[in-house]
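These notes concern the structure reproduced below.
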Amino acid sequence: MADFGYDVADYCNIDPLFGTLADFDVVLSEAHRRGLKVILDFVPNHTSDQHPWFAESRSARDSAKRDFYIWRDPAPDGGPPNNWISNFGGSAWEYDEQTGQYYYHAFLKEQPDLNWRNPAVRAAMYDVLRFWMRRGVDGFRVDVIWHLMKDPDFRDNPPNPAFQPDQAEIQSFLQVHSADHPDVHGIIAEMRKVVDEFDDRVLIGEIYLPIERLVAYYGEDLSGAHLPFNFQLISAAWHAPQMEALIKEYEAALPEGGWPNWVLGNHDQPRIAARLGEAQARVAAMLLLTLRGTPTLYYGDEIGLPKVEIPPEEVHDPWEKNEPGLGLGRDPQRTPMQWSDAPNAGFSRTKPWLPLSPDWRERNVERMRAERGSILNLYRRLLVYRSEHPALATGAYHSVTTENDVLVYERGSQERRLLVALNFHDEERILNLPAGQTMRIMLSTHLDRDGEVVRGSASLRPNEGLILEPSP
Ligand code: TEU
């Protein structure tokens, strides 16, 4: 638990902290009984330093598992083999006294990187995928998949000319040799073949790369990940023209047959309500659930969880501990789901590791279900609306305008098109309907305009988004 589960010591078991394999089987079958799929987070780039493979690997230079990890001789001055930086700060190389070599860790020193160029590593890890698929899991989200292959010559990374001292140290170099090596695509194609040995499973890759390099992870002839995570919304400038440009760029970059996806948040990123405020977080919800592609929604965003302040003595994230005060800590977005006003917000019978949001007695699922206009009910309405409208699930995306800084687009086919209009501002804006049409409001982010008919134009209140249908 040095990195809260991203340091695996046994790939085919459940950490006793959480239960047993039998418990896992119950979770899986109960989820399936309710029509839910279960996708596991697969962490193949590195293991825990407690993994028996690593214990054996570090025991001697001639150990049978030595080549399971990345060991290099010191530089001539005794320092690290190259200038690669750990994602959590400091050198990515750790010197090991016993055998006089350094091992590579892209993250913590407790997370040594596996050597994916070693076929025995690949075979062992593919068996891990089979183990869980046999148990019935529906697929995998593969952790830092773009890191798996590194430059075989371990060349230094070039400095990043745009680096600012208030950024994480990893940003001080461009990661051109330490990640996104072209050989990674062969590995992912192998992984995909293993996933395809079973029916109807999904392979999702966690990839932080610009669009043109990201889409390469669909693989040649779609032999790669089904869904290379698209994190563009997370870093996007929140303005209509920029958003429109980004959507167009992504749509245009997708390979033939590649299915798009959009991610609004995850456990590594500040929560959407913390980034945009709760009012604009509703617009973000409507954007996510009306774009073309599989949406990924992060738990707690449905109830508009804000940034939860973490008192210094309660900081857990090792990144915050290594590089304090830069705002890199991920604890604020990992606080418990708030289910009810029962003790610990109904999340746990014991005190959770991280605090609740101060307003947890009101900001919880039970309460917000009963409030007609809550963000939770907006999410519920959006999800139902999306599931009932194939135009949103599979219809084409057509950009209409960004006039008045309102993002307007259509979804669907020529015969049946929906219009989405999103006000990115906390001021009123006018929406001019295409060709001066008459339309009916199907859903407002404020949940109070159902069925309203608008002619030629409509006013959008501050932070309001609308879904409209042609009026008969
Ligand atoms: O995250 C990988 C990753 O790249 C993030 O650390 C990212 O750089 C950062 O959040 C800034 O955007 C994955 C997991 O999601 C993360 O929780 C793990 O700590 C990390 O891998 C190591 O396994």
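Ordering of the structure tokens sets the chain letters (A, B, ...); residue numbers start at 1 within each chain; ligands are numbered from 1 in the order shown.
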
Quiz item: What do you get as number ranges by chain if you pick all residues at most 8 Å from ligand 1, counting only C-alpha atoms and all ligand atoms?
Solution: A: 3-4, 6-7, 43, 45-46, 87-88, 107, 111, 143-144, 206-208, 266-269, 328, 330

Next, dump the selected residues to file, keeping only N, CA, C and O atoms, as a compact mmCIF listing (two decimals), in the first residue's frame.
```
# COMPACT_ATOMS: atom_id res chain seq x y z
N ASP A 3 1.65 2.89 -2.59
CA ASP A 3 0.93 3.76 -3.53
C ASP A 3 -0.53 3.30 -3.65
O ASP A 3 -1.10 3.27 -4.73
N PHE A 4 -1.09 2.88 -2.52
CA PHE A 4 -2.51 2.53 -2.43
C PHE A 4 -2.99 1.56 -3.49
O PHE A 4 -3.95 1.81 -4.20
N TYR A 6 -1.28 0.41 -6.14
CA TYR A 6 -0.50 0.41 -7.39
C TYR A 6 0.89 -0.19 -7.17
O TYR A 6 1.82 0.09 -7.92
N ASP A 7 0.98 -1.00 -6.12
CA ASP A 7 2.22 -1.71 -5.82
C ASP A 7 1.81 -3.12 -5.42
O ASP A 7 1.62 -3.44 -4.25
N VAL A 43 -2.07 -3.62 -13.18
CA VAL A 43 -0.89 -2.77 -12.98
C VAL A 43 0.36 -3.52 -13.44
O VAL A 43 1.06 -4.14 -12.63
N ASN A 45 3.13 -2.36 -15.24
CA ASN A 45 4.40 -1.67 -15.47
C ASN A 45 5.40 -1.93 -14.35
O ASN A 45 6.60 -1.99 -14.58
N HIS A 46 4.86 -2.07 -13.13
CA HIS A 46 5.72 -2.24 -11.96
C HIS A 46 5.03 -3.15 -10.96
O HIS A 46 3.80 -3.23 -10.94
N ASN A 87 8.14 9.72 -11.55
CA ASN A 87 6.89 10.50 -11.63
C ASN A 87 6.52 11.10 -10.27
O ASN A 87 5.72 12.03 -10.22
N PHE A 88 7.06 10.55 -9.22
CA PHE A 88 6.76 11.10 -7.89
C PHE A 88 7.94 11.90 -7.33
O PHE A 88 8.01 12.18 -6.14
N PHE A 107 7.88 5.14 -10.82
CA PHE A 107 7.09 5.75 -9.74
C PHE A 107 7.92 5.63 -8.44
O PHE A 107 9.10 6.00 -8.45
N GLN A 111 8.17 0.60 -6.09
CA GLN A 111 7.46 0.12 -7.29
C GLN A 111 8.45 -0.13 -8.44
O GLN A 111 8.44 0.60 -9.44
N ASP A 143 -2.99 0.13 -16.15
CA ASP A 143 -2.26 1.26 -15.56
C ASP A 143 -1.04 1.63 -16.42
O ASP A 143 -0.32 0.75 -16.89
N VAL A 144 -0.82 2.92 -16.60
CA VAL A 144 0.32 3.50 -17.33
C VAL A 144 0.82 2.64 -18.50
O VAL A 144 2.01 2.39 -18.66
N GLU A 206 -4.66 3.32 -19.82
CA GLU A 206 -4.43 4.64 -19.22
C GLU A 206 -3.26 5.29 -19.93
O GLU A 206 -2.13 4.79 -19.86
N ILE A 207 -3.51 6.40 -20.61
CA ILE A 207 -2.48 7.04 -21.44
C ILE A 207 -2.59 8.55 -21.35
O ILE A 207 -3.59 9.12 -21.77
N TYR A 208 -1.58 9.20 -20.83
CA TYR A 208 -1.52 10.66 -20.85
C TYR A 208 -0.61 11.09 -21.97
O TYR A 208 0.62 11.16 -21.81
N ASN A 266 -10.74 11.25 -12.62
CA ASN A 266 -10.29 9.99 -12.05
C ASN A 266 -9.60 10.25 -10.71
O ASN A 266 -9.53 11.41 -10.27
N HIS A 267 -9.11 9.19 -10.10
CA HIS A 267 -8.57 9.28 -8.74
C HIS A 267 -7.23 10.03 -8.68
O HIS A 267 -6.67 10.20 -7.61
N ASP A 268 -6.71 10.43 -9.83
CA ASP A 268 -5.44 11.18 -9.86
C ASP A 268 -5.64 12.67 -10.09
O ASP A 268 -4.67 13.44 -10.03
N GLN A 269 -6.86 13.08 -10.42
CA GLN A 269 -7.09 14.46 -10.85
C GLN A 269 -8.04 15.19 -9.92
O GLN A 269 -8.98 14.59 -9.42
N LEU A 328 0.10 18.80 -5.77
CA LEU A 328 0.12 17.56 -6.55
C LEU A 328 -0.65 16.43 -5.85
O LEU A 328 -1.04 15.45 -6.48
N ARG A 330 -3.04 13.77 -4.25
CA ARG A 330 -4.26 13.21 -4.83
C ARG A 330 -5.28 12.79 -3.78
O ARG A 330 -6.36 12.31 -4.11
```

Exercise. Report as a list in words: the residues of stretch 374-434 of chain A with a DSSP assignment of alpha helix (DSSP H), based on the backbone of this structure.
Key: Ile375, Leu376, Asn377, Leu378, Tyr379, Arg380, Arg381, Leu382, Leu383, Val384, Tyr385, Arg386, Ser387, Glu388, Pro390, Ala391, Leu392 and Ala393 of chain A

Please, could you write that set of residues out with N, CA and C atoms as an mmCIF file, in the first residue's frame?
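Wrote it out as part27.cif, contents follow:
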```
data_model
loop_
_atom_site.group_PDB
_atom_site.id
_atom_site.type_symbol
_atom_site.label_atom_id
_atom_site.label_comp_id
_atom_site.auth_asym_id
_atom_site.auth_seq_id
_atom_site.Cartn_x
_atom_site.Cartn_y
_atom_site.Cartn_z
ATOM 1 N N ILE A 375 -27.695 17.843 -8.362
ATOM 2 C CA ILE A 375 -26.792 17.384 -9.422
ATOM 3 C C ILE A 375 -26.893 15.867 -9.580
ATOM 4 N N LEU A 376 -27.145 15.165 -8.494
ATOM 5 C CA LEU A 376 -27.319 13.704 -8.587
ATOM 6 C C LEU A 376 -28.498 13.375 -9.499
ATOM 7 N N ASN A 377 -29.612 14.110 -9.322
ATOM 8 C CA ASN A 377 -30.762 13.840 -10.194
ATOM 9 C C ASN A 377 -30.498 14.272 -11.629
ATOM 10 N N LEU A 378 -29.659 15.287 -11.815
ATOM 11 C CA LEU A 378 -29.252 15.635 -13.183
ATOM 12 C C LEU A 378 -28.516 14.451 -13.819
ATOM 13 N N TYR A 379 -27.560 13.884 -13.110
ATOM 14 C CA TYR A 379 -26.837 12.726 -13.642
ATOM 15 C C TYR A 379 -27.790 11.573 -13.964
ATOM 16 N N ARG A 380 -28.736 11.343 -13.055
ATOM 17 C CA ARG A 380 -29.673 10.236 -13.290
ATOM 18 C C ARG A 380 -30.497 10.495 -14.549
ATOM 19 N N ARG A 381 -31.003 11.723 -14.680
ATOM 20 C CA ARG A 381 -31.791 12.075 -15.866
ATOM 21 C C ARG A 381 -30.946 11.940 -17.141
ATOM 22 N N LEU A 382 -29.722 12.432 -17.084
ATOM 23 C CA LEU A 382 -28.852 12.371 -18.261
ATOM 24 C C LEU A 382 -28.592 10.920 -18.674
ATOM 25 N N LEU A 383 -28.354 10.077 -17.678
ATOM 26 C CA LEU A 383 -28.054 8.670 -17.991
ATOM 27 C C LEU A 383 -29.266 7.971 -18.591
ATOM 28 N N VAL A 384 -30.447 8.264 -18.037
ATOM 29 C CA VAL A 384 -31.661 7.654 -18.580
ATOM 30 C C VAL A 384 -31.899 8.170 -19.996
ATOM 31 N N TYR A 385 -31.775 9.493 -20.156
ATOM 32 C CA TYR A 385 -32.030 10.100 -21.462
ATOM 33 C C TYR A 385 -31.079 9.505 -22.512
ATOM 34 N N ARG A 386 -29.810 9.389 -22.126
ATOM 35 C CA ARG A 386 -28.824 8.830 -23.051
ATOM 36 C C ARG A 386 -29.174 7.392 -23.423
ATOM 37 N N SER A 387 -29.586 6.605 -22.430
ATOM 38 C CA SER A 387 -29.864 5.199 -22.735
ATOM 39 C C SER A 387 -31.110 5.060 -23.604
ATOM 40 N N GLU A 388 -32.004 6.058 -23.555
ATOM 41 C CA GLU A 388 -33.231 5.968 -24.360
ATOM 42 C C GLU A 388 -33.078 6.604 -25.742
ATOM 43 N N PRO A 390 -30.738 6.594 -28.951
ATOM 44 C CA PRO A 390 -29.607 6.092 -29.745
ATOM 45 C C PRO A 390 -28.825 7.229 -30.396
ATOM 46 N N ALA A 391 -29.491 8.369 -30.632
ATOM 47 C CA ALA A 391 -28.772 9.517 -31.220
ATOM 48 C C ALA A 391 -27.588 9.895 -30.331
ATOM 49 N N LEU A 392 -27.747 9.764 -29.013
ATOM 50 C CA LEU A 392 -26.644 10.099 -28.106
ATOM 51 C C LEU A 392 -25.654 8.951 -27.975
ATOM 52 N N ALA A 393 -26.164 7.728 -27.975
ATOM 53 C CA ALA A 393 -25.263 6.587 -27.795
ATOM 54 C C ALA A 393 -24.372 6.401 -29.017
#
```

Each residue of stretch 22-129 of chain A with at least one atom at most 10 Å from stretch 172-195 of chain A should appear once, together with its nearest atom pair and the corresponding distance in Å (one decimal); atoms considered: only C-alpha atoms; ordering: chain, then increasing residue number; output as a tab-separated table.
```
residue	atom	partner	partner_atom	distance
A:Asn83	CA	A:Phe173	CA	8.7
A:Trp84	CA	A:Ser178	CA	7.1
A:Ile85	CA	A:Phe173	CA	7.9
A:Ala106	CA	A:Ser178	CA	8.4
A:Trp116	CA	A:Ile187	CA	8.1
A:Arg117	CA	A:Ile187	CA	9.0
A:Arg122	CA	A:Ile187	CA	8.3
A:Ala123	CA	A:Met191	CA	10.0
A:Met125	CA	A:Met191	CA	9.1
A:Tyr126	CA	A:Val194	CA	6.7
A:Asp127	CA	A:Val194	CA	8.7
A:Leu129	CA	A:Val195	CA	7.4
```

Kindly export the residues of the current selection with N, CA and C atoms, as a PDB file, in the first residue's frame.
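Contents of selection01.pdb, freshly written:
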```
ATOM      1  N   ASN A  83      19.416  10.279 -16.716  1.00  0.00           N
ATOM      2  CA  ASN A  83      18.762  11.400 -16.026  1.00  0.00           C
ATOM      3  C   ASN A  83      17.259  11.218 -15.823  1.00  0.00           C
ATOM      4  N   TRP A  84      16.754  10.004 -15.970  1.00  0.00           N
ATOM      5  CA  TRP A  84      15.310   9.824 -15.868  1.00  0.00           C
ATOM      6  C   TRP A  84      14.831  10.100 -14.441  1.00  0.00           C
ATOM      7  N   ILE A  85      13.675  10.798 -14.389  1.00  0.00           N
ATOM      8  CA  ILE A  85      13.099  11.241 -13.113  1.00  0.00           C
ATOM      9  C   ILE A  85      11.878  10.377 -12.791  1.00  0.00           C
ATOM     10  N   ALA A 106       9.714   3.957 -12.397  1.00  0.00           N
ATOM     11  CA  ALA A 106       9.076   5.158 -12.952  1.00  0.00           C
ATOM     12  C   ALA A 106       8.256   5.874 -11.885  1.00  0.00           C
ATOM     13  N   TRP A 116       9.558  -5.517 -19.529  1.00  0.00           N
ATOM     14  CA  TRP A 116       8.608  -6.101 -20.489  1.00  0.00           C
ATOM     15  C   TRP A 116       9.282  -6.615 -21.760  1.00  0.00           C
ATOM     16  N   ARG A 117      10.590  -6.352 -21.903  1.00  0.00           N
ATOM     17  CA  ARG A 117      11.300  -6.949 -23.046  1.00  0.00           C
ATOM     18  C   ARG A 117      11.617  -8.418 -22.786  1.00  0.00           C
ATOM     19  N   ARG A 122       6.363 -11.301 -19.814  1.00  0.00           N
ATOM     20  CA  ARG A 122       5.121 -11.145 -20.579  1.00  0.00           C
ATOM     21  C   ARG A 122       4.223 -12.362 -20.377  1.00  0.00           C
ATOM     22  N   ALA A 123       4.814 -13.548 -20.474  1.00  0.00           N
ATOM     23  CA  ALA A 123       4.009 -14.774 -20.332  1.00  0.00           C
ATOM     24  C   ALA A 123       3.363 -14.811 -18.948  1.00  0.00           C
ATOM     25  N   MET A 125       2.616 -12.334 -16.958  1.00  0.00           N
ATOM     26  CA  MET A 125       1.586 -11.302 -16.793  1.00  0.00           C
ATOM     27  C   MET A 125       0.332 -11.625 -17.619  1.00  0.00           C
ATOM     28  N   TYR A 126       0.515 -12.259 -18.774  1.00  0.00           N
ATOM     29  CA  TYR A 126      -0.673 -12.632 -19.560  1.00  0.00           C
ATOM     30  C   TYR A 126      -1.478 -13.697 -18.813  1.00  0.00           C
ATOM     31  N   ASP A 127      -0.765 -14.553 -18.065  1.00  0.00           N
ATOM     32  CA  ASP A 127      -1.494 -15.547 -17.262  1.00  0.00           C
ATOM     33  C   ASP A 127      -2.304 -14.888 -16.145  1.00  0.00           C
ATOM     34  N   LEU A 129      -3.872 -12.040 -16.509  1.00  0.00           N
ATOM     35  CA  LEU A 129      -5.114 -11.615 -17.181  1.00  0.00           C
ATOM     36  C   LEU A 129      -6.071 -12.800 -17.307  1.00  0.00           C
TER      37      LEU A 129
END
```

Quick one: DSSP strand (DSSP E or B) residues in stretch 131-375 of chain A, as an mmCIF file with all heavy atoms, in the first residue's frame?
```
data_model
loop_
_atom_site.group_PDB
_atom_site.id
_atom_site.type_symbol
_atom_site.label_atom_id
_atom_site.label_comp_id
_atom_site.auth_asym_id
_atom_site.auth_seq_id
_atom_site.Cartn_x
_atom_site.Cartn_y
_atom_site.Cartn_z
ATOM 1 N N GLY A 139 -13.094 -7.177 -18.019
ATOM 2 C CA GLY A 139 -12.030 -6.485 -18.735
ATOM 3 C C GLY A 139 -11.091 -5.786 -17.775
ATOM 4 O O GLY A 139 -11.163 -5.970 -16.550
ATOM 5 N N PHE A 140 -10.215 -4.964 -18.360
ATOM 6 C CA PHE A 140 -9.154 -4.328 -17.572
ATOM 7 C C PHE A 140 -8.951 -2.883 -17.977
ATOM 8 O O PHE A 140 -9.064 -2.525 -19.145
ATOM 9 C CB PHE A 140 -7.823 -5.070 -17.786
ATOM 10 C CG PHE A 140 -7.913 -6.532 -17.435
ATOM 11 C CD1 PHE A 140 -8.177 -7.471 -18.426
ATOM 12 C CD2 PHE A 140 -7.776 -6.962 -16.125
ATOM 13 C CE1 PHE A 140 -8.294 -8.816 -18.116
ATOM 14 C CE2 PHE A 140 -7.889 -8.305 -15.794
ATOM 15 C CZ PHE A 140 -8.138 -9.233 -16.790
ATOM 16 N N ARG A 141 -8.616 -2.074 -16.968
ATOM 17 C CA ARG A 141 -8.079 -0.730 -17.187
ATOM 18 C C ARG A 141 -6.592 -0.915 -16.902
ATOM 19 O O ARG A 141 -6.205 -1.310 -15.805
ATOM 20 C CB ARG A 141 -8.746 0.236 -16.202
ATOM 21 C CG ARG A 141 -8.145 1.654 -16.114
ATOM 22 C CD ARG A 141 -7.072 1.740 -15.072
ATOM 23 N NE ARG A 141 -6.696 3.115 -14.751
ATOM 24 C CZ ARG A 141 -5.568 3.445 -14.122
ATOM 25 N NH1 ARG A 141 -4.698 2.520 -13.747
ATOM 26 N NH2 ARG A 141 -5.302 4.695 -13.842
ATOM 27 N N VAL A 142 -5.770 -0.713 -17.907
ATOM 28 C CA VAL A 142 -4.349 -1.037 -17.748
ATOM 29 C C VAL A 142 -3.588 0.220 -17.331
ATOM 30 O O VAL A 142 -3.543 1.225 -18.056
ATOM 31 C CB VAL A 142 -3.759 -1.623 -19.039
ATOM 32 C CG1 VAL A 142 -2.313 -2.046 -18.792
ATOM 33 C CG2 VAL A 142 -4.590 -2.810 -19.511
ATOM 34 N N PRO A 159 15.929 18.128 -21.713
ATOM 35 C CA PRO A 159 15.243 19.040 -20.790
ATOM 36 C C PRO A 159 14.001 19.653 -21.431
ATOM 37 O O PRO A 159 13.924 19.780 -22.654
ATOM 38 C CB PRO A 159 16.289 20.119 -20.497
ATOM 39 C CG PRO A 159 17.407 19.910 -21.443
ATOM 40 C CD PRO A 159 17.277 18.567 -22.085
ATOM 41 N N PHE A 173 11.920 17.298 -17.575
ATOM 42 C CA PHE A 173 12.438 16.669 -18.795
ATOM 43 C C PHE A 173 11.282 16.205 -19.669
ATOM 44 O O PHE A 173 10.211 15.861 -19.162
ATOM 45 C CB PHE A 173 13.319 15.459 -18.459
ATOM 46 C CG PHE A 173 14.601 15.846 -17.778
ATOM 47 C CD1 PHE A 173 14.690 15.860 -16.396
ATOM 48 C CD2 PHE A 173 15.711 16.222 -18.530
ATOM 49 C CE1 PHE A 173 15.874 16.235 -15.768
ATOM 50 C CE2 PHE A 173 16.896 16.596 -17.910
ATOM 51 C CZ PHE A 173 16.982 16.598 -16.517
ATOM 52 N N VAL A 202 -13.183 -6.174 -22.338
ATOM 53 C CA VAL A 202 -12.692 -4.878 -22.828
ATOM 54 C C VAL A 202 -11.282 -4.586 -22.317
ATOM 55 O O VAL A 202 -10.932 -4.949 -21.191
ATOM 56 C CB VAL A 202 -13.669 -3.739 -22.449
ATOM 57 C CG1 VAL A 202 -13.656 -3.457 -20.943
ATOM 58 C CG2 VAL A 202 -13.362 -2.450 -23.222
ATOM 59 N N LEU A 203 -10.501 -3.943 -23.172
ATOM 60 C CA LEU A 203 -9.145 -3.528 -22.802
ATOM 61 C C LEU A 203 -9.071 -2.002 -22.901
ATOM 62 O O LEU A 203 -9.229 -1.431 -23.981
ATOM 63 C CB LEU A 203 -8.130 -4.172 -23.743
ATOM 64 C CG LEU A 203 -6.661 -4.001 -23.356
ATOM 65 C CD1 LEU A 203 -6.340 -4.755 -22.064
ATOM 66 C CD2 LEU A 203 -5.739 -4.504 -24.468
ATOM 67 N N ILE A 204 -8.850 -1.371 -21.755
ATOM 68 C CA ILE A 204 -8.781 0.090 -21.685
ATOM 69 C C ILE A 204 -7.363 0.464 -21.262
ATOM 70 O O ILE A 204 -6.816 -0.144 -20.352
ATOM 71 C CB ILE A 204 -9.783 0.628 -20.639
ATOM 72 C CG1 ILE A 204 -11.207 0.159 -20.962
ATOM 73 C CG2 ILE A 204 -9.718 2.152 -20.554
ATOM 74 C CD1 ILE A 204 -12.231 0.505 -19.893
ATOM 75 N N GLY A 205 -6.773 1.444 -21.933
ATOM 76 C CA GLY A 205 -5.407 1.833 -21.569
ATOM 77 C C GLY A 205 -5.374 3.210 -20.922
ATOM 78 O O GLY A 205 -5.986 4.148 -21.433
ATOM 79 N N LEU A 227 -10.218 0.954 -25.918
ATOM 80 C CA LEU A 227 -10.402 2.342 -25.507
ATOM 81 C C LEU A 227 -9.113 2.892 -24.887
ATOM 82 O O LEU A 227 -8.841 2.645 -23.723
ATOM 83 C CB LEU A 227 -11.537 2.453 -24.475
ATOM 84 C CG LEU A 227 -12.922 1.968 -24.893
ATOM 85 C CD1 LEU A 227 -13.888 2.044 -23.711
ATOM 86 C CD2 LEU A 227 -13.476 2.797 -26.052
ATOM 87 N N PRO A 228 -8.315 3.607 -25.662
ATOM 88 C CA PRO A 228 -7.222 4.361 -25.031
ATOM 89 C C PRO A 228 -7.877 5.565 -24.329
ATOM 90 O O PRO A 228 -8.508 6.382 -24.984
ATOM 91 C CB PRO A 228 -6.364 4.812 -26.216
ATOM 92 C CG PRO A 228 -6.862 4.041 -27.418
ATOM 93 C CD PRO A 228 -8.297 3.707 -27.139
ATOM 94 N N ASN A 261 -13.899 7.808 -26.697
ATOM 95 C CA ASN A 261 -14.270 7.819 -25.276
ATOM 96 C C ASN A 261 -13.825 9.142 -24.668
ATOM 97 O O ASN A 261 -12.905 9.783 -25.163
ATOM 98 C CB ASN A 261 -13.657 6.618 -24.544
ATOM 99 C CG ASN A 261 -12.184 6.808 -24.240
ATOM 100 O OD1 ASN A 261 -11.789 7.264 -23.166
ATOM 101 N ND2 ASN A 261 -11.332 6.477 -25.215
ATOM 102 N N TRP A 262 -14.519 9.513 -23.602
ATOM 103 C CA TRP A 262 -14.237 10.780 -22.910
ATOM 104 C C TRP A 262 -14.204 10.547 -21.410
ATOM 105 O O TRP A 262 -15.070 9.862 -20.871
ATOM 106 C CB TRP A 262 -15.326 11.820 -23.233
ATOM 107 C CG TRP A 262 -15.356 12.207 -24.676
ATOM 108 C CD1 TRP A 262 -16.127 11.646 -25.657
ATOM 109 C CD2 TRP A 262 -14.575 13.223 -25.313
ATOM 110 N NE1 TRP A 262 -15.876 12.264 -26.863
ATOM 111 C CE2 TRP A 262 -14.929 13.242 -26.680
ATOM 112 C CE3 TRP A 262 -13.616 14.138 -24.860
ATOM 113 C CZ2 TRP A 262 -14.357 14.122 -27.600
ATOM 114 C CZ3 TRP A 262 -13.049 15.011 -25.773
ATOM 115 C CH2 TRP A 262 -13.417 15.006 -27.125
ATOM 116 N N VAL A 263 -13.227 11.119 -20.747
ATOM 117 C CA VAL A 263 -13.070 10.933 -19.305
ATOM 118 C C VAL A 263 -13.160 12.299 -18.623
ATOM 119 O O VAL A 263 -12.446 13.226 -19.009
ATOM 120 C CB VAL A 263 -11.693 10.311 -18.969
ATOM 121 C CG1 VAL A 263 -11.549 10.085 -17.473
ATOM 122 C CG2 VAL A 263 -11.484 9.012 -19.746
ATOM 123 N N THR A 294 -17.758 6.412 -25.354
ATOM 124 C CA THR A 294 -17.990 5.881 -24.012
ATOM 125 C C THR A 294 -17.567 6.909 -22.964
ATOM 126 O O THR A 294 -16.432 7.377 -22.978
ATOM 127 C CB THR A 294 -17.171 4.583 -23.832
ATOM 128 O OG1 THR A 294 -17.603 3.660 -24.834
ATOM 129 C CG2 THR A 294 -17.371 3.976 -22.454
ATOM 130 N N PRO A 295 -18.495 7.280 -22.070
ATOM 131 C CA PRO A 295 -18.131 8.251 -21.031
ATOM 132 C C PRO A 295 -17.536 7.560 -19.808
ATOM 133 O O PRO A 295 -17.967 6.474 -19.445
ATOM 134 C CB PRO A 295 -19.479 8.885 -20.663
ATOM 135 C CG PRO A 295 -20.497 7.835 -20.979
ATOM 136 C CD PRO A 295 -19.921 6.918 -22.032
ATOM 137 N N THR A 296 -16.553 8.184 -19.185
ATOM 138 C CA THR A 296 -16.070 7.701 -17.893
ATOM 139 C C THR A 296 -16.304 8.780 -16.860
ATOM 140 O O THR A 296 -15.843 9.916 -16.998
ATOM 141 C CB THR A 296 -14.570 7.352 -17.937
ATOM 142 O OG1 THR A 296 -14.381 6.291 -18.866
ATOM 143 C CG2 THR A 296 -14.079 6.881 -16.567
#
```

Which residues of stretch 51-168 of chain A come within 9 Å of stretch 18-28 of chain A, and what is each one's closest atom pair and distance in Å (one decimal), counting only C-alpha atoms, sorted by chain and residue number, as a Markdown table?
```
| residue | atom | partner | partner_atom | distance |
| --- | --- | --- | --- | --- |
| A:Arg135 | CA | A:Asp25 | CA | 7.6 |
| A:Gly136 | CA | A:Leu28 | CA | 7.5 |
| A:Val137 | CA | A:Leu28 | CA | 7.3 |
```

May I have the selected residues written with N, CA and C atoms, as a PDB file, in the first residue's frame?
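New file result-v2.pdb:
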```
ATOM      1  N   ARG A 135     -12.164 -16.082 -13.852  1.00  0.00           N
ATOM      2  CA  ARG A 135     -13.038 -15.806 -12.691  1.00  0.00           C
ATOM      3  C   ARG A 135     -14.265 -15.008 -13.099  1.00  0.00           C
ATOM      4  N   GLY A 136     -14.239 -14.420 -14.285  1.00  0.00           N
ATOM      5  CA  GLY A 136     -15.435 -13.757 -14.792  1.00  0.00           C
ATOM      6  C   GLY A 136     -15.364 -12.246 -14.949  1.00  0.00           C
ATOM      7  N   VAL A 137     -14.188 -11.639 -14.745  1.00  0.00           N
ATOM      8  CA  VAL A 137     -14.167 -10.175 -14.894  1.00  0.00           C
ATOM      9  C   VAL A 137     -14.353  -9.782 -16.360  1.00  0.00           C
TER      10      VAL A 137
END
```

Quiz item: Of the candidates A:Ile234, A:Ala345, A:Ile39, A:Val400, which one gets nearest to A:Ala273 if we count only C-alpha atoms?
Solution: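 Using only C-alpha atoms, A:Ala273 sits closest to A:Ile234.
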
For A:Gln338, list every protein, DNA or RNA residue within 9 Å, evaluated using only C-alpha atoms, and leave out those in the same chain fewer than 6 positions away; present the list as a PDB file with C-alpha atoms, in the first residue's frame.
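Ended up saving to around.pdb:
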```pdb
ATOM      1  CA  GLY A 300     -18.537  11.250  -6.177  1.00  0.00           C
ATOM      2  CA  ILE A 303     -22.961  14.380  -5.909  1.00  0.00           C
ATOM      3  CA  LEU A 305     -18.029  16.434  -4.264  1.00  0.00           C
ATOM      4  CA  ASN A 344     -18.915   7.936   8.209  1.00  0.00           C
ATOM      5  CA  ALA A 345     -21.515   8.909   5.584  1.00  0.00           C
ATOM      6  CA  GLY A 346     -22.535   5.265   5.351  1.00  0.00           C
ATOM      7  CA  PHE A 347     -19.217   4.433   3.657  1.00  0.00           C
ATOM      8  CA  LEU A 356     -15.543  13.557   4.444  1.00  0.00           C
ATOM      9  CA  SER A 357     -16.480  16.860   2.835  1.00  0.00           C
ATOM     10  CA  TRP A 360     -21.529  15.528   4.119  1.00  0.00           C
ATOM     11  CA  ARG A 361     -24.760  15.551   6.148  1.00  0.00           C
ATOM     12  CA  ARG A 363     -24.169  16.201   0.377  1.00  0.00           C
ATOM     13  CA  ASN A 364     -24.949  12.506   0.236  1.00  0.00           C
ATOM     14  CA  VAL A 365     -26.787  10.179  -2.101  1.00  0.00           C
ATOM     15  CA  GLU A 366     -29.773   9.584   0.156  1.00  0.00           C
TER      16      GLU A 366
END
```

Quiz item: Can you list, as a list in words, every protein, DNA or RNA residue that comes within 12 Å of A:Gln280 when you count only C-alpha atoms, leaving out same-chain residues fewer than 6 positions away?
Solution: Trp238, His239, Ile272, Ala273, Ala274, Met286, Leu287, Gly304, Ile375, Leu422, Asn423, Phe424, His425, Asp426, Glu427, Thr445, His446, Arg461, Pro462, Asn463, Glu464 and Gly465 of chain A

Quiz item: From the set A:Leu431, A:Ile14, A:Ala281, A:Leu108, which residue has the shortest atom-to-atom contact distance to A:Gly90, counting only C-alpha atoms?
Solution: A:Leu108

Self-check item: Shell around A:Leu354 at 8 Å using only C-alpha atoms, local window under 6 positions removed, as an MDAnalysis selection string
Solution: chainID A and resid 310 314 331 334:336
